[in-house]
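The structure file structure.cif is reproduced below (mmCIF, C-alpha atoms).
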data_final
loop_
_atom_site.label_atom_id
_atom_site.label_comp_id
_atom_site.auth_asym_id
_atom_site.auth_seq_id
_atom_site.Cartn_x
_atom_site.Cartn_y
_atom_site.Cartn_z
CA MET A 569 -8.49 29.65 -6.39
CA ALA A 570 -8.21 31.62 -3.14
CA VAL A 571 -11.53 30.22 -1.93
CA SER A 572 -10.50 26.64 -2.70
CA CYS A 573 -7.17 27.10 -0.87
CA LEU A 574 -8.97 28.50 2.14
CA LEU A 575 -11.32 25.51 2.12
CA VAL A 576 -8.38 23.09 2.01
CA TRP A 577 -6.68 24.89 4.93
CA THR A 578 -9.93 24.78 6.90
CA LEU A 579 -10.40 21.06 6.30
CA LEU A 580 -6.79 20.26 7.18
CA ALA A 581 -6.90 22.40 10.30
CA THR A 582 -10.19 20.88 11.43
CA SER A 583 -8.83 17.36 11.01
CA SER A 584 -5.77 18.15 13.12
CA LEU A 585 -7.58 19.90 16.00
CA ALA A 586 -7.95 16.82 18.16
CA SER A 587 -4.18 16.18 18.15
CA LEU A 588 -3.25 19.61 19.48
CA PRO A 589 -2.45 20.08 23.20
CA ASP A 590 -5.34 21.48 25.23
CA LEU A 591 -6.52 22.18 28.77
CA GLY A 592 -9.89 21.20 30.20
CA TYR A 593 -11.37 20.57 33.63
CA PRO A 594 -13.41 17.35 33.58
CA GLY A 595 -16.01 17.27 36.34
CA TRP A 596 -15.25 20.79 37.60
CA GLN A 597 -17.80 21.75 40.23
CA CYS A 598 -18.45 24.56 42.66
CA ASP A 599 -20.69 24.87 45.70
CA ALA A 600 -24.29 24.04 44.77
CA SER A 601 -25.52 27.49 45.86
CA LEU A 602 -23.49 29.12 43.11
CA TYR A 603 -25.58 27.47 40.40
CA GLN A 604 -28.81 29.08 41.62
CA LYS A 605 -30.23 32.08 39.80
CA SER A 606 -31.36 35.12 41.75
CA GLN A 607 -34.91 34.73 43.07
CA LYS A 608 -35.85 37.77 41.02
CA VAL A 609 -34.04 39.06 37.95
CA PRO A 610 -31.59 41.59 39.42
CA THR A 611 -31.91 45.26 38.56
CA SER A 612 -28.38 46.13 39.66
CA ALA A 613 -25.21 45.19 37.77
CA HIS A 614 -23.61 44.68 41.17
CA SER A 615 -25.93 41.87 42.23
CA VAL A 616 -25.74 39.66 39.14
CA ARG A 617 -25.03 36.01 39.86
CA PHE A 618 -23.28 33.95 37.21
CA PRO A 619 -26.46 31.95 36.40
CA ASP A 620 -28.29 35.26 35.78
CA ILE A 621 -26.20 35.94 32.64
CA LYS A 622 -28.15 35.06 29.49
CA ILE A 623 -25.93 36.62 26.81
CA ILE A 624 -22.17 36.53 26.22
CA ALA A 625 -20.38 38.64 23.61
CA ALA A 626 -16.91 39.90 22.67
CA LEU A 627 -15.12 42.75 20.91
CA GLY A 628 -11.46 42.75 19.90
CA ASP A 629 -8.85 41.76 17.34
CA SER A 630 -7.32 38.54 16.01
CA LEU A 631 -6.55 37.32 19.53
CA THR A 632 -10.27 37.37 20.33
CA ALA A 633 -11.12 36.00 16.87
CA ALA A 634 -8.67 33.18 17.75
CA ASN A 635 -6.64 33.36 14.55
CA GLY A 636 -4.46 30.30 14.24
CA ALA A 637 -5.68 28.68 17.47
CA GLY A 638 -6.25 25.36 15.74
CA ALA A 639 -3.54 25.70 13.11
CA PRO A 640 -1.45 22.55 12.61
CA LYS A 641 2.09 22.87 13.91
CA GLY A 642 4.42 24.15 11.23
CA ASP A 643 1.65 25.67 9.11
CA PRO A 644 1.77 29.46 9.62
CA LEU A 645 -0.51 30.01 6.61
CA ALA A 646 -3.34 28.50 8.65
CA VAL A 647 -3.06 31.47 11.05
CA ILE A 648 -5.37 33.24 8.61
CA LEU A 649 -8.19 30.99 9.87
CA GLN A 650 -10.31 32.34 12.72
CA PHE A 651 -10.98 29.49 15.17
CA ARG A 652 -13.67 31.41 17.04
CA GLY A 653 -15.00 28.33 18.77
CA LEU A 654 -11.70 28.12 20.70
CA ALA A 655 -11.47 31.82 21.63
CA PHE A 656 -10.59 32.36 25.28
CA GLN A 657 -13.36 34.88 25.96
CA CYS A 658 -16.26 33.74 23.83
CA GLY A 659 -15.52 30.33 22.27
CA GLY A 660 -18.07 27.58 22.75
CA ASP A 661 -16.68 24.54 20.95
CA SER A 662 -16.90 21.39 23.07
CA SER A 663 -17.21 21.88 26.83
CA LEU A 664 -15.19 22.82 29.88
CA ASP A 665 -14.22 19.17 30.23
CA GLU A 666 -12.10 19.49 27.10
CA HIS A 667 -11.29 23.19 26.65
CA VAL A 668 -11.36 26.23 28.93
CA THR A 669 -12.99 29.43 27.71
CA VAL A 670 -14.99 31.96 29.70
CA ALA A 671 -18.05 30.91 27.69
CA ASN A 672 -17.50 27.23 28.48
CA VAL A 673 -17.22 28.00 32.19
CA MET A 674 -20.36 30.13 31.98
CA LYS A 675 -22.24 27.17 30.45
CA LYS A 676 -21.80 25.40 33.79
CA PHE A 677 -23.74 28.18 35.52
CA SER A 678 -26.08 29.20 32.71
CA PRO A 679 -26.57 26.20 30.38
CA ASN A 680 -28.78 28.15 27.96
CA ILE A 681 -26.44 31.11 27.61
CA MET A 682 -26.29 32.36 24.03
CA GLY A 683 -23.83 34.34 21.95
CA TYR A 684 -20.73 32.14 22.09
CA SER A 685 -18.91 31.28 18.87
CA THR A 686 -18.48 27.84 17.35
CA GLY A 687 -16.31 26.59 14.52
CA ILE A 688 -14.12 28.52 12.08
CA GLY A 689 -15.14 31.73 10.32
CA SER A 690 -15.28 35.49 10.30
CA ALA A 691 -17.36 38.01 12.24
CA ASN A 692 -19.93 38.34 9.46
CA VAL A 693 -20.83 34.64 9.50
CA TRP A 694 -23.55 34.43 12.15
CA GLU A 695 -23.54 30.63 12.32
CA VAL A 696 -19.90 30.79 13.48
CA SER A 697 -19.30 34.10 15.21
CA LYS A 698 -22.65 34.73 16.92
CA LEU A 699 -21.87 37.67 19.24
CA ASN A 700 -18.08 37.55 18.95
CA GLN A 701 -17.64 40.63 16.77
CA ALA A 702 -13.82 40.73 16.97
CA VAL A 703 -12.05 41.50 13.69
CA PRO A 704 -8.43 40.56 12.90
CA GLY A 705 -6.19 43.60 12.63
CA ALA A 706 -8.52 45.74 14.73
CA GLN A 707 -7.16 48.66 16.70
CA ALA A 708 -8.89 50.51 19.51
CA ALA A 709 -10.64 52.87 17.08
CA ASP A 710 -12.17 49.84 15.35
CA ILE A 711 -14.02 48.52 18.38
CA ILE A 712 -16.29 51.56 18.02
CA THR A 713 -17.61 50.00 14.79
CA GLN A 714 -17.72 46.59 16.47
CA ALA A 715 -19.76 48.01 19.33
CA ARG A 716 -22.29 49.47 16.89
CA ALA A 717 -22.47 46.13 15.05
CA LEU A 718 -23.03 44.27 18.31
CA VAL A 719 -25.84 46.63 19.27
CA GLN A 720 -27.51 46.19 15.89
CA ILE A 721 -27.32 42.40 16.06
CA MET A 722 -28.72 42.27 19.58
CA GLN A 723 -31.51 44.71 18.81
CA SER A 724 -32.62 42.70 15.80
CA HIS A 725 -32.35 39.20 17.27
CA LYS A 726 -35.70 37.71 18.22
CA ASP A 727 -34.27 35.65 21.09
CA ILE A 728 -32.55 38.56 22.86
CA ASP A 729 -34.53 40.74 25.24
CA ILE A 730 -32.42 43.88 25.23
CA LYS A 731 -34.11 45.46 28.23
CA ASN A 732 -34.24 42.45 30.53
CA ASP A 733 -31.47 39.96 29.64
CA TRP A 734 -28.21 40.35 31.55
CA LYS A 735 -25.18 40.43 29.26
CA LEU A 736 -21.47 39.78 29.80
CA ILE A 737 -19.49 41.64 27.13
CA ASN A 738 -15.77 40.85 26.92
CA VAL A 739 -13.30 43.33 25.41
CA PHE A 740 -9.60 42.87 24.60
CA ILE A 741 -7.75 45.36 22.41
CA GLY A 742 -4.37 47.06 22.09
CA ALA A 743 -1.87 44.72 20.45
CA ASN A 744 -2.26 46.17 16.95
CA ASP A 745 -2.13 49.72 18.29
CA MET A 746 1.12 48.90 20.05
CA CYS A 747 2.53 47.36 16.87
CA ARG A 748 2.30 50.86 15.34
CA TYR A 749 2.92 52.97 18.43
CA CYS A 750 6.63 53.48 17.77
CA GLU A 751 5.95 55.40 14.55
CA GLU A 752 4.81 58.59 16.31
CA LYS A 753 4.59 57.54 19.97
CA GLU A 754 2.61 60.02 22.08
CA ASN A 755 2.36 62.46 19.16
CA GLY A 756 0.41 60.04 16.94
CA VAL A 757 -2.93 58.33 16.51
CA HIS A 758 -1.87 55.53 18.86
CA SER A 759 -1.14 57.79 21.82
CA LYS A 760 -2.49 56.87 25.22
CA ALA A 761 -5.08 59.67 25.04
CA ASN A 762 -6.40 58.59 21.64
CA TRP A 763 -6.43 54.92 22.61
CA LYS A 764 -8.28 55.69 25.83
CA GLN A 765 -10.86 57.84 24.06
CA SER A 766 -11.57 55.09 21.51
CA VAL A 767 -12.19 52.59 24.29
CA ILE A 768 -14.45 55.04 26.12
CA THR A 769 -16.42 55.80 22.96
CA ALA A 770 -16.99 52.09 22.25
CA ILE A 771 -18.11 51.34 25.78
CA GLN A 772 -20.37 54.38 25.84
CA ILE A 773 -22.14 53.01 22.76
CA LEU A 774 -22.75 49.79 24.68
CA LYS A 775 -23.96 51.71 27.73
CA ASP A 776 -26.33 53.85 25.69
CA ASN A 777 -27.90 50.92 23.87
CA LEU A 778 -27.47 47.75 25.92
CA PRO A 779 -28.90 48.07 29.42
CA ARG A 780 -28.20 45.29 31.91
CA SER A 781 -24.64 44.80 30.68
CA ILE A 782 -21.38 44.08 32.45
CA VAL A 783 -18.32 44.94 30.36
CA SER A 784 -15.29 42.87 31.32
CA MET A 785 -12.09 44.25 29.78
CA THR A 786 -8.99 42.09 29.69
CA GLY A 787 -5.95 44.15 30.63
CA MET A 788 -3.25 45.00 28.13
CA PHE A 789 -0.18 42.77 28.15
CA ASP A 790 3.49 43.71 28.06
CA MET A 791 4.51 43.00 24.48
CA ARG A 792 8.21 42.87 25.25
CA MET A 793 7.43 39.16 25.73
CA LEU A 794 7.23 38.79 21.95
CA ARG A 795 10.95 39.37 21.67
CA GLN A 796 11.63 36.44 23.97
CA ILE A 797 9.18 34.21 22.13
CA ASP A 798 10.71 34.70 18.66
CA HIS A 799 14.36 34.90 19.80
CA ASP A 800 16.47 32.64 17.53
CA LYS A 801 13.32 31.48 15.73
CA TYR A 802 14.13 32.93 12.37
CA PHE A 803 10.85 32.22 10.63
CA CYS A 804 8.78 33.83 13.40
CA ASP A 805 11.27 36.65 13.68
CA GLY A 806 10.88 37.43 9.99
CA LEU A 807 7.09 37.07 10.07
CA HIS A 808 6.79 39.57 12.92
CA VAL A 809 8.34 42.25 10.69
CA PHE A 810 4.96 42.28 8.93
CA GLU A 811 2.70 41.34 11.86
CA CYS A 812 4.17 43.81 14.35
CA PRO A 813 6.67 46.31 12.89
CA CYS A 814 7.41 48.06 16.19
CA GLU A 815 8.41 44.78 17.81
CA LYS A 816 11.17 44.44 15.21
CA LYS A 817 12.35 48.05 15.38
CA SER A 818 15.67 47.90 17.25
CA SER A 819 15.55 51.58 18.26
CA PHE A 820 12.26 50.83 20.06
CA THR A 821 13.92 49.16 23.03
CA ASN A 822 12.48 46.60 25.43
CA ASP A 823 11.97 49.36 27.96
CA ASP A 824 10.24 51.49 25.32
CA VAL A 825 7.86 48.64 24.47
CA SER A 826 7.10 47.99 28.11
CA GLN A 827 6.56 51.65 28.98
CA ALA A 828 4.21 52.12 26.02
CA CYS A 829 2.16 49.04 26.97
CA HIS A 830 1.91 50.34 30.51
CA LEU A 831 0.46 53.60 29.20
CA TYR A 832 -2.46 51.61 27.82
CA MET A 833 -2.72 49.69 31.09
CA ASP A 834 -2.86 53.00 32.93
CA ALA A 835 -5.60 54.19 30.59
CA GLN A 836 -7.71 51.13 31.37
CA GLN A 837 -7.25 51.66 35.10
CA GLU A 838 -8.20 55.31 34.76
CA ILE A 839 -11.42 54.38 32.96
CA GLN A 840 -12.41 52.03 35.77
CA ASP A 841 -11.35 54.38 38.57
CA SER A 842 -13.23 57.33 37.04
CA GLY A 843 -16.57 55.63 37.66
CA MET A 844 -17.84 57.03 34.34
CA PHE A 845 -19.56 53.72 33.61
CA ASP A 846 -21.03 53.36 37.09
CA THR A 847 -23.49 56.24 36.80
CA THR A 848 -26.50 53.96 36.32
CA ASP A 849 -27.33 50.78 38.18
CA ASP A 850 -27.84 48.63 35.08
CA PHE A 851 -24.34 48.89 33.58
CA THR A 852 -20.76 48.59 34.77
CA PHE A 853 -17.18 48.24 33.56
CA VAL A 854 -14.62 45.93 35.19
CA LEU A 855 -10.93 45.62 34.36
CA GLN A 856 -9.31 42.16 34.52
CA PRO A 857 -5.58 42.98 34.93
CA PHE A 858 -3.88 39.57 35.22
CA PHE A 859 -1.65 40.25 32.17
CA ASN A 860 -0.29 43.56 33.43
CA GLY A 861 2.79 42.42 35.33
CA ILE A 862 3.79 39.47 33.15
CA THR A 863 7.15 39.94 31.42
CA ILE A 864 8.16 36.28 31.01
CA PRO A 865 6.40 34.04 28.47
CA PRO A 866 5.35 30.51 29.39
CA LEU A 867 8.44 28.34 29.74
CA LYS A 868 9.16 24.62 29.68
CA PRO A 869 10.94 23.07 32.69
CA ASP A 870 14.25 23.45 30.83
CA GLY A 871 13.73 27.20 30.50
CA GLU A 872 12.88 27.21 26.80
CA VAL A 873 9.78 29.10 25.64
CA ASN A 874 6.82 26.74 25.57
CA LEU A 875 5.72 27.12 21.95
CA ASP A 876 2.75 24.81 22.58
CA TRP A 877 1.08 28.00 23.86
CA PHE A 878 1.36 29.69 20.48
CA ALA A 879 0.15 29.35 16.92
CA PRO A 880 2.82 28.64 14.26
CA ASP A 881 3.51 32.38 13.89
CA CYS A 882 4.74 32.60 17.53
CA PHE A 883 2.37 35.52 18.12
CA HIS A 884 -1.24 34.34 18.33
CA PHE A 885 -2.39 31.90 20.98
CA SER A 886 -2.75 28.21 20.18
CA LYS A 887 -5.62 26.06 21.39
CA LEU A 888 -3.64 25.41 24.59
CA GLY A 889 -2.75 29.09 24.89
CA HIS A 890 -6.39 30.16 24.65
CA ALA A 891 -7.37 27.64 27.32
CA ASN A 892 -4.67 28.84 29.73
CA VAL A 893 -5.40 32.52 29.14
CA ALA A 894 -9.10 31.78 29.69
CA LYS A 895 -8.28 30.13 33.04
CA HIS A 896 -6.43 33.19 34.29
CA LEU A 897 -9.10 35.54 32.93
CA TRP A 898 -11.84 33.57 34.68
CA ASN A 899 -9.89 33.61 37.92
CA ASN A 900 -9.65 37.42 37.61
CA ILE A 901 -13.40 37.67 36.98
CA VAL A 902 -14.22 35.92 40.26
CA GLN A 903 -11.72 38.00 42.25
CA PRO A 904 -12.85 41.28 43.87
CA VAL A 905 -11.73 44.58 42.37
CA GLY A 906 -8.69 45.73 44.32
CA SER A 907 -7.59 42.15 44.98
CA LYS A 908 -7.34 40.85 41.42
CA ASN A 909 -4.10 39.23 40.31
CA THR A 910 -2.02 41.65 38.26
CA VAL A 911 0.60 39.03 37.43
CA VAL A 912 0.38 35.25 37.07
CA ASN A 913 2.93 32.53 36.39
CA LEU A 914 2.14 31.34 32.87
CA SER A 915 4.59 28.46 33.30
CA ASP A 916 2.73 26.88 36.23
CA PRO A 917 0.16 24.34 34.98
CA THR A 918 -1.00 23.55 38.52
CA ILE A 919 -2.84 26.86 39.03
CA PRO A 920 -6.48 25.83 39.48
CA LEU A 921 -9.66 27.13 37.88
CA ASN A 922 -11.31 28.92 40.77
CA CYS A 923 -14.96 29.08 41.83
CA PRO A 924 -16.86 32.25 42.71
CA ASP A 925 -16.90 33.20 46.37
CA THR A 926 -20.00 31.82 48.11
CA SER A 927 -19.99 34.82 50.46
CA CYS A 928 -20.25 37.19 47.48
CA PRO A 929 -21.61 35.08 44.61
CA PHE A 930 -21.78 37.89 42.04
CA ILE A 931 -19.70 38.87 39.06
CA ARG A 932 -17.27 41.10 40.92
CA THR A 933 -17.56 44.83 40.29
CA THR A 934 -16.09 47.94 41.87
CA LYS A 935 -19.18 48.42 44.04
CA ASN A 936 -19.80 44.88 45.29
CA SER A 937 -16.07 44.52 45.91
CA ALA A 938 -16.21 47.53 48.24
CA ASP A 939 -19.24 46.24 50.16
CA CYS A 940 -20.90 43.05 49.00
CA SER A 941 -23.40 43.01 51.88
CA LYS A 942 -25.32 45.87 50.26
CA TYR A 943 -26.21 43.61 47.34
CA MET A 944 -27.01 40.38 49.15
CA THR A 945 -30.67 39.39 49.29
CA LYS A 946 -32.13 40.42 52.59
#
As a first step, turn the structure in this file into structure tokens.
Amino acid sequence: MAVSCLLVWTLLATSSLASLPDLGYPGWQCDASLYQKSQKVPTSAHSVRFPDIKIIAALGDSLTAANGAGAPKGDPLAVILQFRGLAFQCGGDSSLDEHVTVANVMKKFSPNIMGYSTGIGSANVWEVSKLNQAVPGAQAADIITQARALVQIMQSHKDIDIKNDWKLINVFIGANDMCRYCEEKENGVHSKANWKQSVITAIQILKDNLPRSIVSMTGMFDMRMLRQIDHDKYFCDGLHVFECPCEKKSSFTNDDVSQACHLYMDAQQEIQDSGMFDTTDDFTFVLQPFFNGITIPPLKPDGEVNLDWFAPDCFHFSKLGHANVAKHLWNNIVQPVGSKNTVVNLSDPTIPLNCPDTSCPFIRTTKNSADCSKYMTK
């Protein structure tokens, strides 16, 4: 019975996908030089051009699994479905003309890139998930298991050359940790120190086993926004009691939520600033912090929250939400470290999808952001 219900939901959701709002960039083009691979396969993570990337992957929770992204409006039960093909980091349904994801932008530079997800399904269904190993409900400690799974899949796949293929691995985690943070705060399993160590452990697994990898970590967001999104929306408000208990705990104030989220943001920054993942030339870690300073959800011109951005549970991103988040994430990726946006206006639909810088045509890292000339071909 449960299987048949899930099948019905999947069929209904698939049939309604085309009617949902979306964001694409038909005919998007950059300078012709940016589509050229390096003359030789680069040996340094700091001189990797976008066309040099052969593999794309992702770790995370239900936001990266794209739960509910294609759910019909008014059908919160369909949030159980994982629309991985729409996921902002690693979804590969359609093309950039119709839907923005980091993977769809990467297809413009590296048409044969592999690893992106398509369709609807869970992490253990290869035909759907490919290298998107995100699992709904995951907390930071769980991406350690995801990292091991990703390594195993890559090592066993006949079309992946572990030693020579350059990989872009996207990571986004923290929402589920924050939904439990209020229980024990800094004295519990979701403390900043524990969260940070889990992230470090997961990335170290990648570093130890996946040479020629660039880990791009999406910055934590300020979850006080959730309280604005579900304000006076009684169904969503009630649903969030189960989805995110700390968001509904009145004694955990807006300032408390924000301060706790910023502890995780600080942890991410500390990981990057430590240089612990820049000790070899074939691996690096880059933080994409565009979410950090956002405290206002996307709004309509009349000031109401734009629920087109969200799945029917008012928590997960919709198809349109994933596309917009992907745009801002991509724009962060092409910005140099130290000059990346740490806040963006989610309500402004006119913000463009930016091209890489022709004067430094690499995936931006801490080292090539400090001095790109060192990595340019002589």
If we draw a sphere of 12 Å around (-29.8, 41.3, 18.0), which residues have at least one atom in it when counting only C-alpha atoms? Please report them as a PDB file with C-alpha atoms, in the frame of the given file.
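Written output follows (out_12.pdb):
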ATOM      1  CA  ILE A 623     -25.930  36.620  26.810  1.00  0.00           C
ATOM      2  CA  ALA A 625     -20.380  38.640  23.610  1.00  0.00           C
ATOM      3  CA  MET A 682     -26.290  32.360  24.030  1.00  0.00           C
ATOM      4  CA  GLY A 683     -23.830  34.340  21.950  1.00  0.00           C
ATOM      5  CA  TRP A 694     -23.550  34.430  12.150  1.00  0.00           C
ATOM      6  CA  LYS A 698     -22.650  34.730  16.920  1.00  0.00           C
ATOM      7  CA  LEU A 699     -21.870  37.670  19.240  1.00  0.00           C
ATOM      8  CA  ARG A 716     -22.290  49.470  16.890  1.00  0.00           C
ATOM      9  CA  ALA A 717     -22.470  46.130  15.050  1.00  0.00           C
ATOM     10  CA  LEU A 718     -23.030  44.270  18.310  1.00  0.00           C
ATOM     11  CA  VAL A 719     -25.840  46.630  19.270  1.00  0.00           C
ATOM     12  CA  GLN A 720     -27.510  46.190  15.890  1.00  0.00           C
ATOM     13  CA  ILE A 721     -27.320  42.400  16.060  1.00  0.00           C
ATOM     14  CA  MET A 722     -28.720  42.270  19.580  1.00  0.00           C
ATOM     15  CA  GLN A 723     -31.510  44.710  18.810  1.00  0.00           C
ATOM     16  CA  SER A 724     -32.620  42.700  15.800  1.00  0.00           C
ATOM     17  CA  HIS A 725     -32.350  39.200  17.270  1.00  0.00           C
ATOM     18  CA  LYS A 726     -35.700  37.710  18.220  1.00  0.00           C
ATOM     19  CA  ASP A 727     -34.270  35.650  21.090  1.00  0.00           C
ATOM     20  CA  ILE A 728     -32.550  38.560  22.860  1.00  0.00           C
ATOM     21  CA  ASP A 729     -34.530  40.740  25.240  1.00  0.00           C
ATOM     22  CA  ILE A 730     -32.420  43.880  25.230  1.00  0.00           C
ATOM     23  CA  LYS A 731     -34.110  45.460  28.230  1.00  0.00           C
ATOM     24  CA  ASP A 733     -31.470  39.960  29.640  1.00  0.00           C
ATOM     25  CA  ASN A 777     -27.900  50.920  23.870  1.00  0.00           C
ATOM     26  CA  LEU A 778     -27.470  47.750  25.920  1.00  0.00           C
TER      27      LEU A 778
END
Shortest interatomic distance to Thr848 in chain A - which of A:Ser781, A:Thr910, A:Ser587, A:Gln597, counting only C-alpha atoms:
A:Ser781
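Between CA of Asn700 in chain A and CA of Ala633 in chain A the separation is 7.4 Å.
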Expected answer as number ranges by chain: all residues with atoms within 9 Å of (-13.2, 32.7, 43.5), only C-alpha atoms:
A: 898-904, 921-926, 929
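Across the structure, CA of Asp590 in chain A and CA of Gly871 in chain A are spaced 20.6 Å apart.
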Enumerate, as a PyMOL selection string, the residues matched when the PyMOL selection byres ((chain A and resi 645) around 10) is run on the file above.
chain A and resi 574+577+636+639-640+642-644+646-649+880-881
Work out how far CA of Phe677 in chain A is from CA of Pro589 in chain A, in Å to one decimal.
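Separation of CA of Pro589 in chain A and CA of Phe677 in chain A: 25.9 Å.
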Using only C-alpha atoms, what does the table of range 850-890 of chain A residues within 12 Å of range 616-622 of chain A look like, with each row giving the shortest atom pair and its distance in Å to one decimal, sorted by chain and ascending number, as a Markdown table?
| residue | atom | partner | partner_atom | distance |
| --- | --- | --- | --- | --- |
| A:Asp850 | CA | A:Val616 | CA | 10.1 |
| A:Phe851 | CA | A:Val616 | CA | 10.9 |
| A:Thr852 | CA | A:Val616 | CA | 11.1 |
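Distances to Cys658 in chain A were evaluated for A:Trp763, A:Gly689, A:Ala702, A:Ile839 using all atoms listed in the file, and the minimum falls at A:Ala702.
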Residues matched by the PyMOL selection byres ((chain A and resi 795-798) around 10), written as a ChimeraX atom specification:
/A:791-794,799-808,815-816,822,863-867,872-875,878,881-883
How would you write, as a list in words, the residues chosen by the PyMOL selection byres ((chain A and resi 759-762) around 10) on this structure?
Ala708, Ala709, Asp745, Met746, Tyr749, Cys750, Glu752, Lys753, Glu754, Asn755, Gly756, Val757, His758, Trp763, Lys764, Gln765, Ser766, Val767, Ile768, Ala828, Cys829, His830, Leu831, Tyr832, Met833, Asp834, Ala835 and Gln836 of chain A
